[in-house]
>>> print(open('model.cif').read())   # mmCIF, C-alpha atoms and all ligand atoms
data_work
loop_
_atom_site.label_atom_id
_atom_site.label_comp_id
_atom_site.auth_asym_id
_atom_site.auth_seq_id
_atom_site.Cartn_x
_atom_site.Cartn_y
_atom_site.Cartn_z
CA MET A 1 86.73 106.63 246.04
CA SER A 2 84.23 108.02 243.52
CA LYS A 3 80.48 107.84 243.87
CA PHE A 4 80.38 105.54 240.83
CA ILE A 5 82.07 102.52 242.40
CA ASN A 6 79.82 99.48 242.92
CA GLU A 7 78.72 98.43 246.40
CA ARG A 8 80.82 95.31 246.61
CA LEU A 9 84.09 97.02 245.72
CA ALA A 10 83.26 99.99 247.91
CA ALA A 11 82.81 97.66 250.88
CA ILE A 12 85.94 95.54 250.62
CA LYS A 13 89.34 96.06 252.14
CA GLU A 14 91.87 95.49 249.39
CA TYR A 15 95.16 93.62 249.75
CA THR A 16 98.07 95.71 251.05
CA PRO A 17 101.32 94.66 249.37
CA GLY A 18 104.55 94.88 251.37
CA GLU A 19 106.16 98.30 251.07
CA GLN A 20 108.40 98.98 248.08
CA PRO A 21 109.71 102.34 249.26
CA ARG A 22 111.81 104.49 246.92
CA ASP A 23 112.87 107.18 249.43
CA LYS A 24 116.20 105.55 250.26
CA ARG A 25 118.03 102.24 249.93
CA TYR A 26 116.79 99.70 252.43
CA ILE A 27 117.89 96.20 253.26
CA LYS A 28 114.67 94.66 252.00
CA LEU A 29 113.58 91.79 254.18
CA ASN A 30 109.85 92.46 253.90
CA THR A 31 108.40 90.82 250.78
CA ASN A 32 110.17 87.46 250.52
CA GLU A 33 111.87 88.23 247.23
CA SER A 34 115.08 86.44 246.35
CA PRO A 35 118.20 88.46 247.15
CA PHE A 36 119.87 86.82 244.14
CA ALA A 37 119.59 88.30 240.65
CA PRO A 38 118.18 86.17 237.84
CA SER A 39 120.80 84.16 235.99
CA GLN A 40 122.50 85.69 232.94
CA SER A 41 120.65 83.42 230.50
CA VAL A 42 117.30 84.56 231.94
CA VAL A 43 118.21 88.21 231.43
CA MET A 44 119.38 87.50 227.89
CA ALA A 45 116.24 85.53 227.03
CA ALA A 46 114.05 88.41 228.20
CA GLU A 47 116.11 90.87 226.16
CA ARG A 48 115.78 88.78 223.02
CA ALA A 49 112.03 88.50 223.55
CA ALA A 50 111.78 92.28 223.93
CA ALA A 51 112.59 92.61 220.20
CA GLY A 52 109.26 90.92 219.41
CA LEU A 53 107.03 92.95 221.70
CA ASN A 54 105.07 94.36 218.74
CA LEU A 55 103.28 91.00 218.60
CA TYR A 56 100.91 89.53 221.18
CA SER A 57 102.34 86.83 223.38
CA ASP A 58 101.22 83.22 222.78
CA PRO A 59 97.84 82.96 224.57
CA GLU A 60 98.39 79.22 225.06
CA GLN A 61 101.99 79.66 226.26
CA THR A 62 102.81 76.39 224.49
CA ALA A 63 106.58 76.35 224.96
CA LEU A 64 106.54 77.57 228.56
CA THR A 65 103.75 75.17 229.53
CA LYS A 66 105.65 72.25 228.01
CA LYS A 67 108.81 73.25 229.85
CA CYS A 68 107.04 73.54 233.22
CA ALA A 69 105.06 70.32 232.76
CA GLN A 70 108.30 68.45 232.05
CA TYR A 71 110.00 70.04 235.02
CA LEU A 72 107.18 69.03 237.37
CA GLY A 73 106.61 65.61 235.83
CA VAL A 74 102.99 66.22 234.80
CA LYS A 75 101.15 66.44 231.47
CA GLU A 76 100.82 69.70 229.56
CA ASP A 77 97.04 69.74 229.96
CA GLN A 78 97.58 69.71 233.74
CA VAL A 79 99.32 73.11 233.78
CA LEU A 80 98.13 76.70 233.34
CA MET A 81 100.62 79.58 233.31
CA THR A 82 99.56 82.87 234.88
CA ASN A 83 100.66 86.41 235.69
CA GLY A 84 102.11 85.56 239.09
CA SER A 85 100.44 82.99 241.27
CA ASP A 86 98.10 85.70 242.54
CA GLU A 87 96.40 85.38 239.17
CA ILE A 88 95.85 81.62 239.37
CA LEU A 89 94.46 82.11 242.89
CA ASN A 90 92.17 84.82 241.55
CA TYR A 91 90.97 82.47 238.79
CA ALA A 92 90.34 79.69 241.29
CA PHE A 93 88.25 81.85 243.63
CA MET A 94 86.32 83.13 240.61
CA ALA A 95 85.78 79.63 239.24
CA TYR A 96 84.90 77.71 242.42
CA GLY A 97 83.56 80.21 244.92
CA SER A 98 80.02 81.58 244.99
CA LYS A 99 77.36 82.53 247.47
CA ASN A 100 76.52 78.83 247.69
CA SER A 101 80.07 77.56 247.47
CA PRO A 102 82.06 79.00 250.38
CA PHE A 103 85.76 78.82 251.14
CA ALA A 104 87.72 77.98 254.26
CA PHE A 105 91.30 78.89 255.07
CA PRO A 106 93.48 79.27 258.17
CA SER A 107 92.87 82.35 260.31
CA LEU A 108 96.51 83.34 259.86
CA THR A 109 97.63 82.89 256.26
CA TYR A 110 98.22 84.69 252.97
CA GLY A 111 96.04 87.80 253.14
CA PHE A 112 94.87 87.60 249.55
CA TYR A 113 92.49 84.64 250.11
CA LYS A 114 90.17 86.80 252.16
CA VAL A 115 90.38 89.64 249.63
CA PHE A 116 89.39 87.37 246.73
CA ALA A 117 86.51 85.94 248.76
CA ASP A 118 85.26 89.44 249.61
CA LEU A 119 85.72 90.63 246.03
CA TYR A 120 83.49 87.87 244.66
CA GLY A 121 81.01 87.86 247.54
CA ILE A 122 82.05 84.36 248.61
CA PRO A 123 81.28 83.46 252.24
CA PHE A 124 84.34 82.13 254.05
CA LYS A 125 85.34 80.52 257.29
CA GLU A 126 88.68 81.33 258.95
CA ILE A 127 89.87 78.27 260.83
CA PRO A 128 91.97 79.06 263.91
CA LEU A 129 95.49 77.71 264.15
CA ARG A 130 96.73 75.90 267.22
CA ASP A 131 98.48 78.09 269.80
CA ASP A 132 101.83 77.20 268.24
CA PHE A 133 100.51 78.45 264.84
CA SER A 134 100.32 74.92 263.40
CA ILE A 135 97.41 73.72 261.27
CA ASP A 136 95.33 70.87 262.72
CA VAL A 137 94.48 68.73 259.70
CA ASN A 138 91.41 67.35 261.48
CA ASP A 139 89.85 70.83 261.37
CA TYR A 140 89.67 70.47 257.57
CA SER A 141 87.97 67.11 257.45
CA GLY A 142 84.56 66.90 255.81
CA LEU A 143 84.04 70.68 255.68
CA ASN A 144 82.32 70.40 252.32
CA VAL A 145 83.60 73.83 251.30
CA ASN A 146 86.48 74.88 249.07
CA ILE A 147 89.76 75.14 250.94
CA ALA A 148 92.88 77.26 250.44
CA ILE A 149 96.05 76.42 252.34
CA ALA A 150 99.52 77.83 251.83
CA ASN A 151 102.12 75.11 252.32
CA PRO A 152 104.45 76.12 253.86
CA ASN A 153 102.02 78.54 255.43
CA ALA A 154 102.73 82.27 255.40
CA PRO A 155 103.64 84.16 257.51
CA THR A 156 104.49 81.27 259.86
CA GLY A 157 106.65 79.10 257.58
CA LEU A 158 105.18 75.91 259.06
CA LEU A 159 104.88 72.93 256.73
CA LEU A 160 102.35 70.13 256.33
CA SER A 161 103.54 66.77 255.01
CA VAL A 162 102.26 65.35 251.72
CA ASP A 163 100.35 62.75 253.76
CA GLU A 164 98.60 65.46 255.74
CA ILE A 165 97.69 67.33 252.55
CA GLU A 166 96.38 64.11 251.06
CA LYS A 167 94.19 63.61 254.11
CA ILE A 168 92.61 67.05 253.59
CA VAL A 169 92.10 66.48 249.86
CA CYS A 170 90.57 63.04 250.49
CA ALA A 171 88.26 64.34 253.17
CA ASN A 172 86.69 66.99 250.88
CA PRO A 173 85.99 65.20 247.60
CA ALA A 174 83.03 67.39 246.65
CA LYS A 175 85.01 70.67 246.72
CA VAL A 176 88.30 72.06 245.47
CA VAL A 177 91.37 72.13 247.70
CA ILE A 178 93.96 74.73 246.70
CA ILE A 179 97.48 74.14 247.98
CA ASP A 180 99.57 77.28 247.51
CA GLU A 181 103.18 76.14 247.20
CA ALA A 182 104.78 79.58 246.84
CA TYR A 183 107.58 78.54 249.25
CA ILE A 184 107.84 74.80 248.59
CA ASP A 185 111.39 75.00 247.17
CA PHE A 186 112.80 76.00 250.55
CA GLY A 187 112.74 72.52 252.01
CA GLY A 188 109.17 71.23 251.65
CA GLN A 189 107.82 68.23 249.73
CA SER A 190 105.53 69.21 246.86
CA CYS A 191 102.15 67.53 246.52
CA VAL A 192 102.12 68.07 242.74
CA LYS A 193 102.33 64.33 242.22
CA LEU A 194 98.87 63.95 243.80
CA VAL A 195 97.09 65.76 240.96
CA ASP A 196 96.79 62.54 238.93
CA LYS A 197 95.00 60.88 241.80
CA TYR A 198 92.63 63.63 242.98
CA PRO A 199 90.31 65.56 240.65
CA ASN A 200 89.71 68.23 243.33
CA LEU A 201 93.31 69.26 243.99
CA LEU A 202 94.82 72.48 242.59
CA VAL A 203 98.46 73.21 243.38
CA THR A 204 99.74 76.74 242.73
CA ARG A 205 103.37 77.66 242.22
CA THR A 206 105.26 80.89 241.61
CA PHE A 207 108.57 81.99 240.09
CA SER A 208 108.58 85.02 242.43
CA LYS A 209 110.42 83.55 245.38
CA SER A 210 112.77 80.64 244.66
CA PHE A 211 113.27 81.57 240.98
CA SER A 212 114.19 85.26 241.43
CA LEU A 213 111.43 86.52 239.10
CA ALA A 214 109.10 88.52 241.37
CA GLY A 215 109.18 91.46 238.97
CA GLY A 216 108.50 89.22 235.95
CA ARG A 217 105.14 88.07 237.35
CA LEU A 218 104.98 84.37 236.58
CA GLY A 219 103.04 81.64 238.32
CA MET A 220 101.10 78.52 237.48
CA GLY A 221 98.39 76.13 238.48
CA VAL A 222 98.87 72.36 238.38
CA ALA A 223 95.80 70.13 238.54
CA ASN A 224 93.68 67.53 236.87
CA ALA A 225 92.98 68.47 233.21
CA GLU A 226 89.32 69.28 233.93
CA ILE A 227 90.26 71.82 236.61
CA ILE A 228 92.75 73.38 234.19
CA LYS A 229 89.95 73.69 231.60
CA ASP A 230 87.81 75.55 234.16
CA LEU A 231 90.64 77.95 234.93
CA LYS A 232 91.38 78.49 231.24
CA LYS A 233 87.76 79.44 230.83
CA VAL A 234 88.31 82.20 233.39
CA LYS A 235 91.54 83.23 231.68
CA TYR A 236 89.87 83.52 228.26
CA SER A 237 87.04 85.46 229.87
CA THR A 238 89.33 87.99 231.50
CA ASN A 239 92.89 88.18 230.18
CA PRO A 240 93.90 85.87 227.28
CA TYR A 241 97.43 87.32 226.98
CA ASN A 242 98.06 87.12 230.69
CA VAL A 243 101.74 86.15 230.43
CA ASN A 244 103.87 88.61 228.51
CA ALA A 245 106.49 87.51 225.98
CA MET A 246 109.54 88.64 227.96
CA THR A 247 108.42 86.87 231.10
CA ALA A 248 107.56 83.70 229.18
CA ALA A 249 111.07 83.62 227.67
CA ALA A 250 112.57 84.32 231.10
CA GLY A 251 110.54 81.49 232.61
CA ILE A 252 111.77 78.95 230.07
CA ALA A 253 115.38 80.02 230.61
CA ALA A 254 114.88 79.90 234.38
CA ILE A 255 113.71 76.27 234.27
CA ASP A 256 116.72 75.45 232.09
CA ASP A 257 118.82 77.03 234.84
CA ALA A 258 116.96 75.29 237.68
CA LYS A 259 120.22 74.16 239.24
CA TYR A 260 121.34 77.76 239.80
CA TYR A 261 118.07 78.58 241.53
CA LEU A 262 117.93 75.44 243.64
CA ASP A 263 121.51 76.10 244.76
CA ASN A 264 120.37 79.58 245.81
CA CYS A 265 117.55 77.96 247.80
CA ARG A 266 120.15 75.91 249.65
CA ARG A 267 122.02 79.10 250.51
CA ILE A 268 118.79 80.61 251.84
CA ILE A 269 118.08 77.50 253.91
CA LYS A 270 121.57 77.77 255.42
CA ASN A 271 121.08 81.46 256.22
CA ARG A 272 117.63 80.73 257.63
CA GLN A 273 119.16 78.27 260.07
CA TYR A 274 121.78 80.85 261.08
CA CYS A 275 119.15 83.55 261.46
CA ILE A 276 116.95 81.33 263.64
CA GLU A 277 119.87 80.40 265.91
CA GLN A 278 120.93 84.02 266.25
CA LEU A 279 117.40 85.21 267.03
CA VAL A 280 116.86 82.47 269.60
CA ALA A 281 120.16 83.46 271.25
CA ARG A 282 118.76 86.99 271.58
CA GLY A 283 115.63 85.77 273.33
CA PHE A 284 113.23 85.70 270.36
CA ASN A 285 110.50 83.11 269.96
CA VAL A 286 111.00 81.82 266.43
CA VAL A 287 108.62 79.58 264.51
CA THR A 288 110.26 76.62 262.73
CA SER A 289 110.35 77.87 259.18
CA HIS A 290 110.39 75.86 255.97
CA ALA A 291 110.25 79.01 253.83
CA ASN A 292 112.55 81.91 252.92
CA PHE A 293 111.42 83.93 255.93
CA VAL A 294 111.25 83.56 259.68
CA PHE A 295 108.40 84.61 261.93
CA ALA A 296 109.74 85.86 265.23
CA ALA A 297 108.73 87.78 268.35
CA HIS A 298 110.72 89.25 271.21
CA PRO A 299 109.14 89.36 274.68
CA LEU A 300 110.39 92.89 275.38
CA ILE A 301 109.32 94.73 272.24
CA SER A 302 106.14 94.68 270.19
CA GLY A 303 106.23 93.64 266.56
CA LYS A 304 105.17 97.09 265.47
CA GLU A 305 107.85 98.82 267.52
CA LEU A 306 110.58 96.51 266.26
CA TYR A 307 109.43 97.00 262.68
CA LEU A 308 109.43 100.80 263.05
CA ARG A 309 112.84 100.97 264.71
CA LEU A 310 114.40 98.67 262.15
CA LYS A 311 112.90 100.77 259.37
CA ASP A 312 114.47 103.85 260.92
CA LYS A 313 117.80 102.07 260.66
CA GLY A 314 117.28 101.13 257.02
CA VAL A 315 116.13 97.54 257.47
CA LEU A 316 112.63 96.64 256.28
CA VAL A 317 110.79 93.68 257.76
CA ARG A 318 107.08 92.91 257.56
CA TYR A 319 104.71 93.67 260.40
CA LEU A 320 101.33 92.08 259.73
CA ASN A 321 99.25 93.35 262.63
CA ALA A 322 97.53 89.98 263.00
CA ALA A 323 95.35 89.66 266.10
CA THR A 324 96.89 86.32 267.08
CA ALA A 325 100.48 87.38 266.42
CA GLN A 326 100.77 90.94 267.69
CA ASN A 327 104.39 90.64 268.73
CA TYR A 328 105.62 88.97 265.59
CA VAL A 329 107.46 90.28 262.58
CA ARG A 330 108.24 88.35 259.43
CA ILE A 331 111.81 88.59 258.28
CA THR A 332 112.80 87.53 254.78
CA VAL A 333 116.00 85.51 254.75
CA GLY A 334 118.58 87.31 252.63
CA THR A 335 122.28 87.10 251.91
CA ASP A 336 124.95 86.67 254.60
CA SER A 337 125.66 90.40 254.71
CA GLU A 338 121.96 91.32 254.85
CA MET A 339 121.46 88.96 257.79
CA THR A 340 124.50 90.40 259.57
CA GLU A 341 123.20 93.94 259.08
CA PHE A 342 119.74 92.95 260.30
CA LEU A 343 121.17 91.30 263.44
CA THR A 344 123.47 94.24 264.18
CA ARG A 345 120.59 96.70 263.95
CA THR A 346 118.42 94.41 266.07
CA ASP A 347 121.15 94.32 268.75
CA GLU A 348 121.27 98.12 268.78
CA ILE A 349 117.51 98.24 269.34
CA LEU A 350 117.50 95.54 272.03
CA SER A 351 120.41 97.11 273.92
CA LEU A 352 118.29 100.23 274.49
CA ILE A 353 115.36 98.40 276.05
CA LYS A 354 117.09 95.80 278.22
C1 LIG A 401 104.20 85.61 247.37
C2 LIG A 401 103.01 84.72 247.52
C3 LIG A 401 102.12 84.48 246.48
C4 LIG A 401 102.04 85.25 245.21
O1 LIG A 401 103.12 85.46 244.54
P1 LIG A 401 103.12 85.96 243.05
O2 LIG A 401 104.22 86.94 243.05
O3 LIG A 401 101.80 86.54 242.68
O4 LIG A 401 103.40 84.73 242.29
C5 LIG A 401 101.12 83.56 246.67
N1 LIG A 401 100.97 82.92 247.83
C6 LIG A 401 101.78 83.14 248.86
C7 LIG A 401 101.56 82.40 250.12
C8 LIG A 401 102.81 84.06 248.74
O5 LIG A 401 103.59 84.32 249.79
#
>>> encode(input="model.cif", output="structure tokens")
Amino acid sequence: MSKFINERLAAIKEYTPGEQPRDKRYIKLNTNESPFAPSQSVVMAAERAAAGLNLYSDPEQTALTKKCAQYLGVKEDQVLMTNGSDEILNYAFMAYGSKNSPFAFPSLTYGFYKVFADLYGIPFKEIPLRDDFSIDVNDYSGLNVNIAIANPNAPTGLLLSVDEIEKIVCANPAKVVIIDEAYIDFGGQSCVKLVDKYPNLLVTRTFSKSFSLAGGRLGMGVANAEIIKDLKKVKYSTNPYNVNAMTAAAGIAAIDDAKYYLDNCRRIIKNRQYCIEQLVARGFNVVTSHANFVFAAHPLISGKELYLRLKDKGVLVRYLNAATAQNYVRITVGTDSEMTEFLTRTDEILSLIK
């Protein structure tokens, strides 16, 4: 850190992304990417778009916005495309948080919410989960602060119903409620259809997980048109060309190929079920996941130890070092062979400690 950095940035603890090591080939079960490559038409669309990279991308992302609005069954002025969903979250914290407009989010959730709050000097309240890691909707009633909830939540994978989300949105009419649906395609019910009804609801989505485009960086916000105007104001004050031309073309092709991706989600759901059963059979506590990962702990080995030993054996999982979940690791659900390898390595580790 140089002596020139401002006080706020100097004081914050930045977000730590999951490792992307290059030292050797790992079975990567640590950052919830899709194990499936993008479809051929997505690759071809990105290649074609590369030929036009001398020109700026469309700042309005007209074609992509139209495609996504149709796909989600909302109007075009209810959608804003961004550089990953991290960017729409960033915009939302910038737009709605302030010293006098705090945020609340679960004590165990996506780590970026806290980082954005710190970055912008927004006070925030971390609301404890129940002992079983579930969210008690009543804790979010009448808070009169902005709220961010990942649904399904990360790293637990637990899901709230649309009715429960609606209860939270209804109970906080004076502030914005952000529902981060990064993992909604893995078996959850989206609350996108509520945006017509509630002017304070912002739903965020990403192409990074279910649509195999983590490296493309594409996400979006879906909300009432007035909210979208606010967020566009942030976009045009920070990064007007936030979505690059190759990614935009890839995104359109990906929606056209939605069936391929939703079939892949079904494969992941099947492997998730298998993984949960296998882990339970080995004595793990496993949280009921509705996402493309499972959150699991073994009574005989700490999360950190398991993570380190698996890494030694070429399998990467995520250890989050959360105070309330010391023994847990988060394991991305991959292909059949990745799951087999993970379980084999886990057996080797467990056989040494039993
Ligand atoms: C992965 C993830 C995101 C961000 O993904 P992007 O790659 O920036 O779209 C947002 N929220 C949650 C809960 C996530 O797990």
>>> residues_near_ligand(input="model.cif", ligand="ligand LIG 401 (chain A)", cutoff="6 Å", atoms="all atoms listed in the file", output="VMD selection string")
chain A and resid 84 to 86 110 150 154 180 182 206 208 214 217 to 219
>>> closest_residue(input="model.cif", among="A:Met94, A:Ile135, A:Ile353, A:Val294", to="A:Ile122", atoms="all atoms listed in the file")
A:Met94
>>> atom_distance(input="model.cif", atom1="atom CA of A:Ile178", atom2="atom CA of A:Leu202")
4.8 Å
>>> closest_atom_pairs(input="model.cif", of="stretch 258-337 of chain A", to="stretch 15-25 of chain A", cutoff="12 Å", atoms="only C-alpha atoms", output="tab-separated table")
residue	atom	partner	partner_atom	distance
A:Lys311	CA	A:Pro21	CA	10.7
A:Asp312	CA	A:Lys24	CA	10.9
A:Lys313	CA	A:Arg25	CA	10.7
A:Gly314	CA	A:Arg25	CA	7.2
A:Val315	CA	A:Arg25	CA	9.1
A:Leu316	CA	A:Glu19	CA	8.5
A:Val317	CA	A:Gly18	CA	9.0
A:Arg318	CA	A:Gly18	CA	7.0
A:Tyr319	CA	A:Gly18	CA	9.1
A:Leu320	CA	A:Gly18	CA	9.4
A:Asn321	CA	A:Thr16	CA	11.9
A:Arg330	CA	A:Gly18	CA	11.0
A:Ile331	CA	A:Gly18	CA	11.8
A:Thr332	CA	A:Gly18	CA	11.6
>>> atom_distance(input="model.cif", atom1="atom CA of A:Ala249", atom2="atom CA of A:Pro59")
13.6 Å
>>> closest_residue(input="model.cif", among="A:Phe36, A:Phe211, A:Phe112, A:Tyr328", to="A:Ile12", atoms="only C-alpha atoms")
A:Phe112
>>> decode(input="model.cif", residues="stretch 5-15 of chain A", atoms="all heavy atoms", output="CSV table (one decimal), in the first residue's frame")
chain,number,residue,atom,x,y,z
A,5,ILE,N,-2.8,6.4,-0.7
A,5,ILE,CA,-4.2,5.8,-0.7
A,5,ILE,C,-5.0,6.6,0.3
A,5,ILE,O,-4.6,7.0,1.4
A,5,ILE,CB,-4.1,4.3,-0.4
A,5,ILE,CG1,-5.4,3.6,-0.7
A,5,ILE,CG2,-3.7,4.1,1.1
A,5,ILE,CD1,-5.3,2.1,-0.7
A,6,ASN,N,-6.3,6.7,0.0
A,6,ASN,CA,-7.2,7.5,0.9
A,6,ASN,C,-7.6,6.6,2.1
A,6,ASN,O,-7.4,5.4,2.1
A,6,ASN,CB,-8.5,8.0,0.2
A,6,ASN,CG,-9.4,6.9,-0.3
A,6,ASN,OD1,-9.6,5.9,0.4
A,6,ASN,ND2,-10.0,7.1,-1.4
A,7,GLU,N,-8.1,7.3,3.1
A,7,GLU,CA,-8.3,6.6,4.4
A,7,GLU,C,-9.3,5.4,4.3
A,7,GLU,O,-9.1,4.4,4.9
A,7,GLU,CB,-8.8,7.6,5.5
A,7,GLU,CG,-7.9,8.8,5.8
A,7,GLU,CD,-8.2,9.9,4.7
A,7,GLU,OE1,-9.1,9.8,4.0
A,7,GLU,OE2,-7.3,10.8,4.6
A,8,ARG,N,-10.3,5.7,3.6
A,8,ARG,CA,-11.4,4.6,3.5
A,8,ARG,C,-10.8,3.4,2.9
A,8,ARG,O,-11.0,2.3,3.4
A,8,ARG,CB,-12.6,5.2,2.7
A,8,ARG,CG,-13.7,4.1,2.7
A,8,ARG,CD,-14.9,4.6,1.9
A,8,ARG,NE,-15.5,5.7,2.6
A,8,ARG,CZ,-16.4,6.5,2.0
A,8,ARG,NH1,-16.6,6.4,0.8
A,8,ARG,NH2,-17.0,7.5,2.7
A,9,LEU,N,-10.1,3.5,1.8
A,9,LEU,CA,-9.6,2.3,1.1
A,9,LEU,C,-8.5,1.7,1.9
A,9,LEU,O,-8.4,0.4,1.9
A,9,LEU,CB,-9.1,2.7,-0.3
A,9,LEU,CG,-9.0,1.6,-1.3
A,9,LEU,CD1,-10.3,0.9,-1.5
A,9,LEU,CD2,-8.6,2.2,-2.7
A,10,ALA,N,-7.7,2.5,2.6
A,10,ALA,CA,-6.7,1.9,3.4
A,10,ALA,C,-7.3,1.1,4.5
A,10,ALA,O,-6.7,0.0,4.9
A,10,ALA,CB,-5.8,3.1,4.0
A,11,ALA,N,-8.4,1.4,5.0
A,11,ALA,CA,-9.0,0.8,6.2
A,11,ALA,C,-9.8,-0.5,5.8
A,11,ALA,O,-10.0,-1.4,6.7
A,11,ALA,CB,-9.9,1.7,6.9
A,12,ILE,N,-10.2,-0.7,4.6
A,12,ILE,CA,-11.1,-1.8,4.3
A,12,ILE,C,-10.3,-3.1,4.0
A,12,ILE,O,-9.2,-3.1,3.6
A,12,ILE,CB,-12.1,-1.5,3.2
A,12,ILE,CG1,-11.5,-1.6,1.8
A,12,ILE,CG2,-12.8,-0.2,3.4
A,12,ILE,CD1,-12.5,-1.7,0.7
A,13,LYS,N,-11.0,-4.2,4.2
A,13,LYS,CA,-10.5,-5.5,3.8
A,13,LYS,C,-11.2,-5.9,2.5
A,13,LYS,O,-12.5,-6.0,2.5
A,13,LYS,CB,-10.9,-6.5,5.0
A,13,LYS,CG,-10.7,-7.9,4.7
A,13,LYS,CD,-9.3,-8.4,5.1
A,13,LYS,CE,-9.0,-9.8,4.6
A,13,LYS,NZ,-8.8,-10.0,3.2
A,14,GLU,N,-10.5,-6.0,1.5
A,14,GLU,CA,-11.1,-6.2,0.2
A,14,GLU,C,-11.6,-7.7,0.0
A,14,GLU,O,-11.2,-8.5,0.9
A,14,GLU,CB,-10.1,-5.9,-1.0
A,14,GLU,CG,-8.9,-6.8,-1.0
A,14,GLU,CD,-7.7,-6.3,-0.2
A,14,GLU,OE1,-8.0,-5.7,0.9
A,14,GLU,OE2,-6.6,-6.7,-0.5
A,15,TYR,N,-12.4,-7.9,-1.0
A,15,TYR,CA,-12.9,-9.3,-1.2
A,15,TYR,C,-11.8,-10.2,-1.7
A,15,TYR,O,-10.9,-9.8,-2.5
A,15,TYR,CB,-14.0,-9.2,-2.3
A,15,TYR,CG,-14.6,-10.5,-2.7
A,15,TYR,CD1,-15.5,-11.2,-1.8
A,15,TYR,CD2,-14.3,-11.1,-3.9
A,15,TYR,CE1,-16.1,-12.4,-2.1
A,15,TYR,CE2,-14.9,-12.4,-4.2
A,15,TYR,CZ,-15.7,-13.0,-3.3
A,15,TYR,OH,-16.3,-14.2,-3.6
